[in-house]
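Reviewing the structure listed below.
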Amino acid sequence: MNSIVRDSDVVELSEAPVFSFGQKLRANRTIRNDGTYRGKEIGDVLVKKGEVGYVVSIGTFLQQFYIYGVEFLESGYRVGMKRKELEPVDACQEIDDLPLPEES
């Protein structure tokens, strides 16, 4: 009777969320619509691998996983993703992207 396939035996909810609100993240795989994204066909690409977004919500799924609502800048989509589908954008990389002041 139990036909739910779980990704692992790990229960993430026993710990605090790994990512926090407003954190800058990168998708580490391409995400396609599995039928839960309204207005898009099943299989349509929602997020490209490497696309950057920010955490706007944190929820749970199957009393096992945190689901991070991430707003992606390039596509404009807000997509719910698991921790294994995301990686943080390093703070050092953000600093390297800042323009340097011009010398007089």
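Labels used: A, B, ... for chains in the order of the structure tokens, numbers from 1 for residues in each chain, and numbers from 1 for ligands as shown.
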
Exercise: region 43-53 of chain A partners within 10 Å, only C-alpha atoms, chain neighbours under 2 positions left out, as a compact mmCIF listing (two decimals) with C-alpha atoms, in the first residue's frame:
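Saved the output as out.txt:
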# COMPACT_ATOMS: atom_id res chain seq x y z
CA GLY A 22 17.70 35.64 0.93
CA GLN A 23 20.69 33.34 0.39
CA LYS A 24 22.13 33.36 -3.12
CA LEU A 25 22.13 29.88 -4.67
CA ARG A 26 22.96 28.19 -7.97
CA ALA A 27 21.03 25.31 -9.55
CA ASN A 28 23.39 22.36 -9.99
CA ARG A 29 21.11 20.66 -12.55
CA THR A 30 18.48 21.59 -15.11
CA ILE A 31 14.98 21.54 -13.63
CA ARG A 32 11.98 20.61 -15.79
CA ASN A 33 8.29 20.92 -14.98
CA ASP A 34 7.06 17.69 -13.44
CA GLY A 35 3.47 18.84 -13.79
CA TYR A 37 4.24 24.26 -12.25
CA LYS A 40 3.87 25.25 -18.33
CA GLU A 41 3.84 21.93 -20.13
CA VAL A 55 15.70 31.74 -1.34
CA VAL A 56 12.26 33.32 -0.85
CA GLY A 69 11.41 28.25 -2.87
CA VAL A 70 14.03 29.91 -5.07
CA GLU A 71 13.35 32.96 -7.24
CA PHE A 72 15.56 32.70 -10.32
CA LEU A 73 16.60 35.98 -11.90
CA GLU A 74 17.24 34.89 -15.50
CA SER A 75 14.06 32.89 -16.05
CA GLY A 76 11.90 34.80 -13.58
CA TYR A 77 10.47 31.56 -12.18
CA ARG A 78 9.98 30.70 -8.53
CA VAL A 79 10.70 26.98 -8.16
CA GLU A 85 19.58 20.40 -6.43
CA LEU A 86 21.20 23.59 -5.11
CA GLU A 87 24.61 24.90 -4.16
CA PRO A 88 25.52 28.16 -2.44
CA VAL A 89 27.19 30.92 -4.41

Taking 2 positions as the minimum chain separation for residues in the same chain, which residues sit within 10 Å of Ser14 (chain A) when counting only C-alpha atoms? Answer as an NGL selection string. :A and (10-12 or 16-17 or 63-65)

Same residues, N, CA and C atoms, saved as an mmCIF file, in the first residue's frame:
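As a result, part_7.cif now contains:
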data_model
loop_
_atom_site.group_PDB
_atom_site.id
_atom_site.type_symbol
_atom_site.label_atom_id
_atom_site.label_comp_id
_atom_site.auth_asym_id
_atom_site.auth_seq_id
_atom_site.Cartn_x
_atom_site.Cartn_y
_atom_site.Cartn_z
ATOM 1 N N VAL A 10 17.384 9.574 5.065
ATOM 2 C CA VAL A 10 17.718 10.747 5.863
ATOM 3 C C VAL A 10 16.476 11.618 6.043
ATOM 4 N N VAL A 11 16.265 12.087 7.254
ATOM 5 C CA VAL A 11 15.184 13.024 7.546
ATOM 6 C C VAL A 11 15.831 14.372 7.839
ATOM 7 N N GLU A 12 15.792 15.267 6.849
ATOM 8 C CA GLU A 12 16.425 16.582 6.994
ATOM 9 C C GLU A 12 15.776 17.413 8.087
ATOM 10 N N ALA A 16 18.194 22.018 11.380
ATOM 11 C CA ALA A 16 17.770 23.305 10.827
ATOM 12 C C ALA A 16 17.993 23.307 9.314
ATOM 13 N N PRO A 17 17.260 24.143 8.565
ATOM 14 C CA PRO A 17 17.498 24.221 7.124
ATOM 15 C C PRO A 17 18.946 24.595 6.809
ATOM 16 N N GLN A 63 7.313 15.155 5.183
ATOM 17 C CA GLN A 63 7.854 15.152 6.543
ATOM 18 C C GLN A 63 9.295 14.649 6.575
ATOM 19 N N GLN A 64 10.016 14.914 5.482
ATOM 20 C CA GLN A 64 11.387 14.418 5.363
ATOM 21 C C GLN A 64 12.350 15.484 4.859
ATOM 22 N N PHE A 65 11.940 16.253 3.856
ATOM 23 C CA PHE A 65 12.849 17.189 3.189
ATOM 24 C C PHE A 65 12.415 18.630 3.383
#

So that I can check the secondary structure, give me every residue of region 12-74 of chain A assigned strand (DSSP E or B) by backbone DSSP, as a list of chain:residue names.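 Filtering region 12-74 of chain A to strand (DSSP E or B) leaves A:Lys24, A:Leu25, A:Arg26, A:Ala27, A:Ile31, A:Arg32, A:Val45, A:Leu46, A:Val47, A:Val52, A:Gly53, A:Tyr54, A:Val55, A:Val56, A:Ser57, A:Ile58, A:Gly59, A:Thr60, A:Phe61, A:Phe65, A:Tyr66, A:Ile67, A:Tyr68, A:Gly69, A:Val70, A:Glu71, A:Phe72.
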
Here CA of Leu13 (chain A) and CA of Ile42 (chain A) stand apart by 29.0 Å

Mind giving me the straight-line distance from CA of Ile67 (chain A) to CA of Thr36 (chain A) in Å, one decimal?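 One can read the CA of Ile67 (chain A) to CA of Thr36 (chain A) distance as 13.7 Å.
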